[in-house]
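Novice: There's a structure below that I have some questions on.
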Amino acid sequence: MSFLVPPELERYAEEHTSAPDELLTRLADETRESLRSPQMLTGTIEGRFLQCLVFATGPKRVLELGTYSGYSAISMAGALPAGGRIDTCEVDEQHAGIARRYIEEAGFSDRITIHLGPALETIGRLEGAFDFVFVDADKENYVNYYEAVLPRLSERGLIAVDNTLWSGRVLDETDDSVGTAAIRAFNDHVRNDDRVVSVMLTVRDGVTLIRPS
């Protein structure tokens with residue numbers, strides 16, 4: 001992943017964002033040292049951004065698609081209202097193992113449940129409405145995830161979707177890779193959907209916020 005703003009400006013923004021606590025710093029270090037694709041790590045800026053969204057919206061029920069090593073789930077859990085819970089979906093046992101360990105250490109085992117397996121199957125098994133959904137899983141299924149969760153949103157529910165600017169590759173007409181094509185298709189799908197109101201933000205790698213219209 002390449003940043004959408006100059007690296008020195010990204011560093012400045014991170015330096016002027018509230019620093020993560022020691023546990024999240026250790027989690028980030030272990031993720032970079034031991035897991036494939038460390039660029040998937042949520043990181044300081046987006047972690048705080050998600051935490052602020054959860055704090056502002058006060059969701060009782062959060063769904064996350066793509067746990068990775070647990071950074072985003074732990075960040076969001078720190079701002080949940082009393083009784084709030086997070087269901088997070090992951091297909092990789094190694095990722096889930098690291099996430100479980102840090103979730104337990106953070107004292108959030110009662111707030112975060114990791115569901116191992118395909119996210120679409122997990123969504124089908126879960127009951128009830130979701131107040132906040134964070135989508136950060138395989139890009140080829142973004143439209144499918146969107147269509148699965150949109151009817152399940154609560155009245156004032158919100159969806160946040162990561163990587164929607166795809167390091168700027170959405171503008172590269174020579175890039176016809178599967179991931180780029182999937183992100184473009186998702187972005188167009190949301191733009192043309194009169195069921196929702198959306199805003200695409202240039203946070204980190206692009207984050208789109210979506211609410212029912």
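Residue numbering restarts at 1 in every chain; chains get A, B, ... in the order shown in the structure tokens, and ligands count up from 1 in that same order.
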Extract, using only C-alpha atoms, all DNA, RNA and protein residues at most 12 Å from Gln94 in chain A, discarding same-chain residues fewer than 6 positions from it, and format them as a PyMOL selection string.
Specialist: chain A and resi 31+34-36+67-70+100-101+116
Novice: Please provide the set of residues having any atom within 12 Å of Gly66 in chain A, restricted to only C-alpha atoms, with same-chain residues fewer than 3 positions apart removed, written as an NGL selection string.
Specialist: :A and (40-42 or 63 or 69-73 or 87-92 or 95-96 or 99 or 114-120 or 122 or 133-139 or 141-142 or 145 or 161-162)
Novice: Would you mind telling me which residue in A:Glu147, A:Glu173, A:Arg111, A:Val199 lies nearest to Gly124 in chain A when using only C-alpha atoms?
Specialist: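 For Gly124 in chain A, the nearest of the given residues is A:Glu147.
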Novice: Have a look at A:Ser198, A:Ser75, A:Thr57, A:Gln39 and name the one nearest to Phe132 in chain A; count only C-alpha atoms.
Specialist: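 Under the stated criterion, the closest residue is A:Thr57.
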Novice: Using DSSP on the backbone coordinates, identify the residues of range 122-211 of chain A assigned to strand (DSSP E or B); present them as a VMD selection string.
Specialist: chain A and resid 130 to 135 153 to 162 196 to 201 207 to 211
Novice: Quick one: of A:Thr174, A:Thr44, A:Asn144, A:Ser18, who's nearest to Arg204 in chain A, counting only C-alpha atoms?
Specialist: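 Checking each candidate against Arg204 in chain A, we get A:Thr44 as the closest.
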Novice: Hey, what's within 7 Å of Phe130 in chain A if we count only C-alpha atoms and toss same-chain stuff fewer than 3 positions away? As a list in words, please?
Specialist: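 Within the cut-off, the hits are Arg61, Val62, Leu63, Val133, Arg152, Leu153, Ser154 and Gly157 of chain A.
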